[in-house]
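Asker: See final-v6.txt below, with compact mmCIF, C-alpha atoms.
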# COMPACT_ATOMS: atom_id res chain seq x y z
CA MET A 1 171.38 5.60 165.22
CA LYS A 2 173.73 2.64 165.16
CA VAL A 3 176.59 2.39 167.64
CA ALA A 4 179.46 -0.04 168.11
CA ALA A 5 181.54 -1.30 171.03
CA LEU A 6 184.98 -2.56 170.01
CA GLN A 7 186.65 -5.39 171.94
CA MET A 8 190.44 -5.66 171.77
CA THR A 9 193.43 -7.55 173.15
CA SER A 10 196.00 -4.77 173.36
CA ARG A 11 199.65 -5.41 174.18
CA ARG A 12 202.97 -3.51 174.39
CA ASP A 13 203.20 -2.88 170.63
CA VAL A 14 201.53 0.48 169.89
CA ALA A 15 201.64 0.04 166.10
CA ALA A 16 200.09 -3.44 166.28
CA ASN A 17 197.39 -2.19 168.64
CA LEU A 18 196.52 0.67 166.31
CA ASP A 19 196.35 -1.76 163.37
CA GLN A 20 193.93 -3.92 165.36
CA ALA A 21 191.82 -0.88 166.24
CA ALA A 22 191.82 0.32 162.62
CA SER A 23 190.45 -3.01 161.42
CA LEU A 24 187.67 -2.92 164.01
CA LEU A 25 186.79 0.70 163.25
CA ALA A 26 186.52 -0.14 159.55
CA GLU A 27 184.22 -3.03 160.44
CA ALA A 28 182.07 -0.75 162.59
CA ALA A 29 181.84 1.85 159.83
CA ASP A 30 180.93 -0.80 157.25
CA ALA A 31 178.15 -1.94 159.60
CA GLY A 32 176.73 1.57 159.56
CA ALA A 33 177.85 2.74 162.99
CA GLN A 34 177.90 6.48 163.65
CA LEU A 35 179.58 6.17 167.07
CA ALA A 36 182.32 3.66 167.94
CA VAL A 37 183.81 3.11 171.40
CA LEU A 38 187.32 1.69 171.90
CA PRO A 39 188.37 0.03 175.18
CA GLU A 40 190.55 1.41 177.94
CA ASN A 41 194.28 1.30 177.08
CA PHE A 42 193.46 0.57 173.44
CA SER A 43 196.80 1.93 172.20
CA TYR A 44 199.01 0.30 174.81
CA LEU A 45 198.56 -2.28 177.58
CA GLY A 46 201.78 -3.32 179.28
CA ALA A 47 202.57 -5.90 181.92
CA VAL A 48 202.46 -3.23 184.65
CA ASP A 49 200.98 0.26 184.79
CA ALA A 50 204.45 1.81 184.95
CA ASP A 51 205.05 0.73 181.35
CA ARG A 52 202.51 3.31 180.18
CA VAL A 53 204.68 6.22 181.32
CA ALA A 54 207.32 5.34 178.72
CA VAL A 55 204.84 5.61 175.85
CA ALA A 56 202.92 8.64 177.14
CA GLU A 57 202.08 11.23 174.48
CA ALA A 58 202.21 15.00 174.70
CA PRO A 59 198.77 16.63 174.86
CA GLY A 60 197.48 16.99 171.31
CA ASN A 61 200.44 15.25 169.71
CA GLY A 62 201.22 11.55 169.42
CA PRO A 63 200.55 8.42 167.37
CA ALA A 64 197.35 7.37 169.18
CA GLN A 65 195.85 10.87 169.07
CA SER A 66 196.72 11.27 165.39
CA PHE A 67 195.27 7.84 164.72
CA LEU A 68 191.91 8.77 166.23
CA ALA A 69 191.70 11.95 164.17
CA GLU A 70 192.61 10.17 160.93
CA GLN A 71 190.21 7.28 161.52
CA ALA A 72 187.34 9.60 162.44
CA ARG A 73 187.84 11.59 159.22
CA ARG A 74 188.28 8.49 157.07
CA HIS A 75 185.11 6.79 158.26
CA ARG A 76 183.06 9.90 159.14
CA LEU A 77 182.68 8.45 162.64
CA TRP A 78 182.36 9.74 166.15
CA ILE A 79 185.01 7.80 168.09
CA VAL A 80 185.55 7.43 171.83
CA GLY A 81 189.26 6.72 172.11
CA GLY A 82 189.27 4.41 175.14
CA THR A 83 192.17 5.87 177.09
CA ILE A 84 195.59 7.14 176.04
CA PRO A 85 198.45 7.89 178.48
CA ILE A 86 198.99 11.65 178.24
CA ARG A 87 201.97 13.40 179.83
CA SER A 88 201.35 15.64 182.83
CA ALA A 89 203.41 18.25 184.65
CA ASP A 90 204.98 15.62 186.91
CA ARG A 91 206.28 12.07 186.42
CA ARG A 92 202.77 10.58 186.22
CA VAL A 93 200.39 10.54 183.27
CA HIS A 94 196.74 11.26 182.69
CA SER A 95 194.57 8.33 181.61
CA ARG A 96 192.64 10.34 179.04
CA SER A 97 189.60 9.42 177.00
CA LEU A 98 189.00 11.48 173.87
CA LEU A 99 185.76 11.97 171.96
CA VAL A 100 186.70 12.75 168.38
CA GLY A 101 184.21 13.97 165.78
CA PRO A 102 183.95 13.06 162.08
CA ASP A 103 186.04 16.14 161.23
CA GLY A 104 188.93 14.73 163.26
CA ALA A 105 188.69 17.38 165.96
CA VAL A 106 188.56 16.55 169.67
CA ALA A 107 185.04 17.35 170.87
CA ALA A 108 185.67 16.41 174.52
CA GLU A 109 188.31 14.91 176.76
CA TYR A 110 188.01 13.18 180.10
CA ASP A 111 190.70 12.15 182.57
CA LYS A 112 189.83 9.01 184.54
CA LEU A 113 188.58 10.11 187.96
CA HIS A 114 188.86 6.92 190.02
CA LEU A 115 192.17 5.08 190.01
CA PHE A 116 192.47 1.32 190.48
CA ASP A 117 194.50 0.78 193.68
CA VAL A 118 193.37 -2.67 194.81
CA VAL A 119 194.28 -6.22 195.70
CA ILE A 120 191.76 -8.49 193.98
CA PRO A 121 189.84 -10.45 196.66
CA GLY A 122 190.53 -14.16 196.34
CA ALA A 123 193.50 -13.49 194.04
CA ALA A 124 196.13 -12.03 196.35
CA SER A 125 198.79 -12.22 193.64
CA GLU A 126 196.78 -9.83 191.46
CA SER A 127 197.14 -6.26 192.65
CA TYR A 128 197.24 -2.80 191.08
CA ARG A 129 198.48 0.66 192.10
CA GLU A 130 197.29 2.88 189.26
CA SER A 131 197.85 6.05 191.29
CA ASP A 132 201.61 5.38 191.32
CA THR A 133 201.76 6.30 187.63
CA THR A 134 198.49 8.10 186.91
CA LEU A 135 197.02 11.44 187.99
CA PRO A 136 193.27 11.37 188.67
CA GLY A 137 190.95 13.63 186.77
CA ALA A 138 188.98 16.39 188.48
CA VAL A 139 185.63 16.85 186.73
CA PRO A 140 182.86 14.75 185.12
CA VAL A 141 182.36 15.29 181.40
CA VAL A 142 179.25 15.21 179.21
CA ALA A 143 179.65 16.18 175.55
CA THR A 144 176.70 17.60 173.63
CA THR A 145 176.97 16.33 170.04
CA PRO A 146 174.66 16.20 167.01
CA LEU A 147 174.07 12.53 167.87
CA ALA A 148 173.26 12.78 171.58
CA ARG A 149 174.60 13.92 174.93
CA ILE A 150 177.49 11.53 175.59
CA ALA A 151 178.89 11.03 179.11
CA LEU A 152 182.51 9.88 179.34
CA THR A 153 183.66 7.45 182.05
CA VAL A 154 186.35 4.76 182.35
CA CYS A 155 186.32 1.27 183.92
CA TYR A 156 186.76 1.59 187.72
CA ASP A 157 184.52 4.69 187.66
CA LEU A 158 181.62 2.22 187.43
CA ARG A 159 181.82 1.54 191.16
CA PHE A 160 181.15 5.12 192.26
CA PRO A 161 177.47 6.01 191.95
CA ALA A 162 177.96 9.66 192.92
CA LEU A 163 179.71 10.23 189.58
CA PHE A 164 176.81 8.79 187.63
CA HIS A 165 174.30 10.76 189.66
CA ARG A 166 176.20 13.91 188.71
CA LEU A 167 176.34 12.94 185.04
CA SER A 168 172.61 12.32 185.08
CA VAL A 169 171.97 15.72 186.68
CA ILE A 170 174.11 17.38 184.00
CA GLY A 171 172.06 15.47 181.44
CA MET A 172 173.12 12.49 179.35
CA ASP A 173 171.58 10.14 176.80
CA ILE A 174 174.48 7.74 176.23
CA LEU A 175 177.02 6.60 178.80
CA VAL A 176 180.28 5.19 177.45
CA VAL A 177 182.49 2.90 179.54
CA PRO A 178 185.85 1.92 178.01
CA ALA A 179 187.29 -0.74 180.31
CA ALA A 180 189.96 -3.33 181.07
CA PHE A 181 188.07 -5.21 183.78
CA THR A 182 189.84 -8.01 185.62
CA VAL A 183 188.45 -11.52 185.21
CA PRO A 184 187.64 -12.23 188.90
CA THR A 185 185.74 -8.97 189.37
CA GLY A 186 184.24 -9.09 185.90
CA ARG A 187 182.57 -12.44 186.50
CA VAL A 188 180.54 -11.12 189.42
CA HIS A 189 180.27 -7.34 189.01
CA TRP A 190 180.59 -6.24 185.34
CA MET A 191 177.04 -6.80 184.12
CA PRO A 192 175.27 -5.84 187.38
CA LEU A 193 177.17 -2.55 187.46
CA LEU A 194 176.49 -1.77 183.79
CA THR A 195 172.78 -2.53 183.97
CA THR A 196 172.41 -0.55 187.20
CA ARG A 197 174.06 2.49 185.60
CA ALA A 198 171.67 2.17 182.66
CA PHE A 199 168.37 2.00 184.48
CA GLU A 200 169.22 4.33 187.37
CA SER A 201 169.88 7.14 184.86
CA LEU A 202 167.54 5.91 182.09
CA SER A 203 170.41 6.12 179.61
CA PHE A 204 171.94 3.85 177.00
CA VAL A 205 175.27 2.29 178.00
CA ILE A 206 178.05 1.36 175.57
CA ALA A 207 180.79 -0.61 177.33
CA ALA A 208 183.90 -1.59 175.34
CA GLY A 209 186.30 -3.98 177.04
CA GLN A 210 189.73 -5.46 176.72
CA VAL A 211 189.64 -9.26 176.52
CA GLY A 212 191.93 -12.25 176.97
CA GLU A 213 195.59 -12.53 177.93
CA HIS A 214 197.96 -9.58 177.66
CA ASP A 215 201.72 -9.21 178.04
CA GLY A 216 202.86 -10.25 181.49
CA GLY A 217 199.94 -12.66 181.89
CA ARG A 218 197.30 -10.07 182.77
CA LEU A 219 193.78 -11.31 181.95
CA THR A 220 190.78 -9.12 181.11
CA PHE A 221 187.11 -10.02 181.07
CA GLY A 222 185.73 -8.79 177.75
CA HIS A 223 181.92 -9.02 177.55
CA SER A 224 181.62 -5.73 175.67
CA SER A 225 177.96 -4.76 175.83
CA ILE A 226 175.34 -2.29 174.66
CA ILE A 227 172.51 -1.87 177.16
CA SER A 228 169.13 -0.14 176.96
CA PRO A 229 167.85 2.42 179.48
CA TRP A 230 165.58 -0.32 180.86
CA GLY A 231 168.56 -2.58 181.53
CA ASP A 232 168.11 -4.90 178.55
CA VAL A 233 171.28 -6.19 176.90
CA LEU A 234 170.90 -5.17 173.27
CA ALA A 235 174.18 -6.74 172.15
CA GLN A 236 177.17 -8.43 173.75
CA ARG A 237 180.46 -10.04 172.75
CA ALA A 238 181.68 -12.28 175.57
CA GLU A 239 185.02 -13.46 174.18
CA GLY A 240 187.48 -12.70 171.42
CA ILE A 241 188.46 -9.64 169.42
CA GLY A 242 185.60 -8.08 167.48
CA ILE A 243 182.69 -5.66 167.59
CA VAL A 244 179.07 -5.52 168.72
CA THR A 245 176.53 -3.11 167.27
CA ALA A 246 173.02 -1.98 168.14
CA GLU A 247 170.44 0.57 167.06
CA LEU A 248 169.64 3.23 169.66
CA ASP A 249 166.26 4.95 169.44
CA LEU A 250 166.62 8.32 171.15
CA GLY A 251 162.97 9.16 170.49
CA GLN A 252 161.99 6.06 172.41
CA LEU A 253 164.38 7.13 175.17
CA GLN A 254 162.58 10.47 175.58
CA SER A 255 159.20 8.74 175.56
CA LEU A 256 160.38 6.36 178.30
CA ARG A 257 161.58 9.26 180.43
CA GLN A 258 158.20 10.98 180.09
CA LYS A 259 156.19 7.86 180.94
CA PHE A 260 158.51 6.82 183.77
CA PRO A 261 159.69 10.18 185.15
CA VAL A 262 162.12 8.93 187.78
CA LEU A 263 164.71 11.55 186.78
CA MET A 264 162.18 14.30 187.49
CA HIS A 265 161.50 12.84 190.93
CA ARG A 266 165.10 13.20 192.16
CA ARG A 267 165.55 15.15 195.39
CA GLU A 268 168.76 16.56 196.78
CA PHE A 269 169.63 16.08 200.46
Now that the file is in, can you turn its structure into structure tokens?

Answerer:
Amino acid sequence: MKVAALQMTSRRDVAANLDQAASLLAEAADAGAQLAVLPENFSYLGAVDADRVAVAEAPGNGPAQSFLAEQARRHRLWIVGGTIPIRSADRRVHSRSLLVGPDGAVAAEYDKLHLFDVVIPGAASESYRESDTTLPGAVPVVATTPLARIALTVCYDLRFPALFHRLSVIGMDILVVPAAFTVPTGRVHWMPLLTTRAFESLSFVIAAGQVGEHDGGRLTFGHSSIISPWGDVLAQRAEGIGIVTAELDLGQLQSLRQKFPVLMHRREF
């Protein structure tokens, strides 16, 4: 099957961001994609994380959620909706990724587990406290679909191998990683982390990133990539708004897992 990773430069304007996403989804559908992955914060990326609280949507009701359903139906696509700020029971929001099927229904939802509370090494002026405005998720999520078993993760999750071990134990074929990676960390860690997650679980990886300069001067790394279970980069877009596509052979994936049965050799301690 053909898949697409969509690279965006989202800002504070929700309507403009959704227009940008719609154009890229149409391009992916025209290219024959059956699954399209949007980046983290595709519907809104403000100067600071606190901005997201003001545009948070009620669960099941809001412009970004309606957009995903309409686009999935229009293009007969499976869509991973990056992340959307979803209201919670307290003042913070969930950073929620939705998998929407071609019928427009939500097939799975995942709340980002690991929150980005860091000062970027070597860039002391660049710091983040995502937990001030966001509630962490509680459980890993793998969705069984007619296409494949799709594991949902988000950005900073990449740094925590225990999550990916668990997803692999549950059973996954495709790992999706919507992201808004910083430039300093992206230069040194983005591709090594993605390729490691691919070959340690013998799964395809689809990583869709934010790119360029956003409101408030925030910079993101881009380099949206599709990676094989052997760690080969099948497609990549380093810079600029656009899409990358690749054909995934799930039959070949199963053959690889039989010939190289590392997943069967796992032992628990």

Asker: Counting only C-alpha atoms, note down every residue that has an atom within 8 Å of the point (199.4, 16.1, 177.7) (file coordinates), as a CSV table (one decimal) with C-alpha atoms, keeping the file's coordinate frame.

Answerer:
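Once everything was written out, this is result.csv:
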chain,number,residue,atom,x,y,z
A,57,GLU,CA,202.1,11.2,174.5
A,58,ALA,CA,202.2,15.0,174.7
A,59,PRO,CA,198.8,16.6,174.9
A,60,GLY,CA,197.5,17.0,171.3
A,86,ILE,CA,199.0,11.6,178.2
A,87,ARG,CA,202.0,13.4,179.8
A,88,SER,CA,201.4,15.6,182.8
A,93,VAL,CA,200.4,10.5,183.3
A,94,HIS,CA,196.7,11.3,182.7

Asker: Quick one: residues within 7 Å of range 247-250 of chain A, only C-alpha atoms counted, chain neighbours fewer than 6 positions away excluded, as a CSV table (one decimal) with C-alpha atoms, in the coordinates of the input?

Answerer:
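Written out: out.csv:
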chain,number,residue,atom,x,y,z
A,1,MET,CA,171.4,5.6,165.2
A,2,LYS,CA,173.7,2.6,165.2
A,3,VAL,CA,176.6,2.4,167.6

Asker: Just the residues within 6 Å of range 129-142 of chain A, please, counting only C-alpha atoms, with nothing from its chain fewer than 3 positions along; format it as a tab-separated table (two decimals) with C-alpha atoms, keeping the file's coordinate frame.

Answerer:
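For reference, result_30.tsv as written:
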chain	number	residue	atom	x	y	z
A	50	ALA	CA	204.45	1.81	184.95
A	92	ARG	CA	202.77	10.58	186.22
A	93	VAL	CA	200.39	10.54	183.27
A	94	HIS	CA	196.74	11.26	182.69
A	111	ASP	CA	190.70	12.15	182.57
A	112	LYS	CA	189.83	9.01	184.54
A	113	LEU	CA	188.58	10.11	187.96
A	115	LEU	CA	192.17	5.08	190.01
A	116	PHE	CA	192.47	1.32	190.48
A	117	ASP	CA	194.50	0.78	193.68
A	150	ILE	CA	177.49	11.53	175.59
A	151	ALA	CA	178.89	11.03	179.11
A	152	LEU	CA	182.51	9.88	179.34

Asker: List as a list in words the protein and nucleic acid residues near Ala4 in chain A, meaning an atom at most 10 Å away when only C-alpha atoms are counted, but skip any in the same chain fewer than 3 places from it.

Answerer: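 Residues near the query, excluding close chain neighbours: Gln7, Leu24, Leu25, Glu27, Ala28, Ala29, Ala31, Gly32, Ala33, Gln34, Leu35, Ala36, Val37, Leu38, Ile79, Ile206, Ala207, Ala208, Ser224, Ser225, Ile226, Ala235, Ile243, Val244, Thr245, Ala246 and Glu247 of chain A.
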
Asker: Between A:Val183, A:Val119, A:Leu263, A:Met8, which one has atoms that come closest to Val211 in chain A, using all atoms listed in the file?

Answerer: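 The answer is A:Met8, which sits nearest to Val211 in chain A.
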
Asker: From the list A:Ile120, A:Ala16, A:Ala179, A:Ala47, which residue is nearest Arg218 in chain A when using all atoms listed in the file?

Answerer: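 For Arg218 in chain A, the nearest of the candidates is A:Ala47.
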
Asker: Within 12 Å of Leu68 in chain A, counting all atoms listed in the file, which residues qualify if same-chain residues fewer than 6 places away don't, as a PyMOL selection string?

Answerer: chain A and resi 18-19+21-22+25+36-38+42-43+60-62+74-84+97-107

Asker: Identify which of the residues A:Thr182, A:Gln252, A:Ser95, A:Gln210 lies closest to Pro229 in chain A, counting all atoms listed in the file when measuring atom-to-atom distances.

Answerer: A:Gln252

Asker: Just want the 7 Å neighbourhood of Val154 in chain A, counted on all atoms listed in the file, with same-chain residues fewer than 2 positions away dropped. Output as a PDB file with C-alpha atoms, keeping the file's coordinate frame.

Answerer:
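Saved file part_31.pdb follows:
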ATOM      1  CA  GLU A  40     190.550   1.410 177.940  1.00  0.00           C
ATOM      2  CA  LYS A 112     189.830   9.010 184.540  1.00  0.00           C
ATOM      3  CA  TYR A 156     186.760   1.590 187.720  1.00  0.00           C
ATOM      4  CA  ASP A 157     184.520   4.690 187.660  1.00  0.00           C
ATOM      5  CA  VAL A 177     182.490   2.900 179.540  1.00  0.00           C
ATOM      6  CA  PRO A 178     185.850   1.920 178.010  1.00  0.00           C
ATOM      7  CA  ALA A 179     187.290  -0.740 180.310  1.00  0.00           C
TER       8      ALA A 179
END

Asker: Could you give me the centre and size, in Å to one decimal, of an axis-aligned box around all listed atoms of range 61-71 of chain A with 4 Å added on every side, as lines of an AutoDock Vina configuration file?

Answerer:
center_x = 195.7
center_y = 11.3
center_z = 165.3
size_x = 19.0
size_y = 16.0
size_z = 16.8
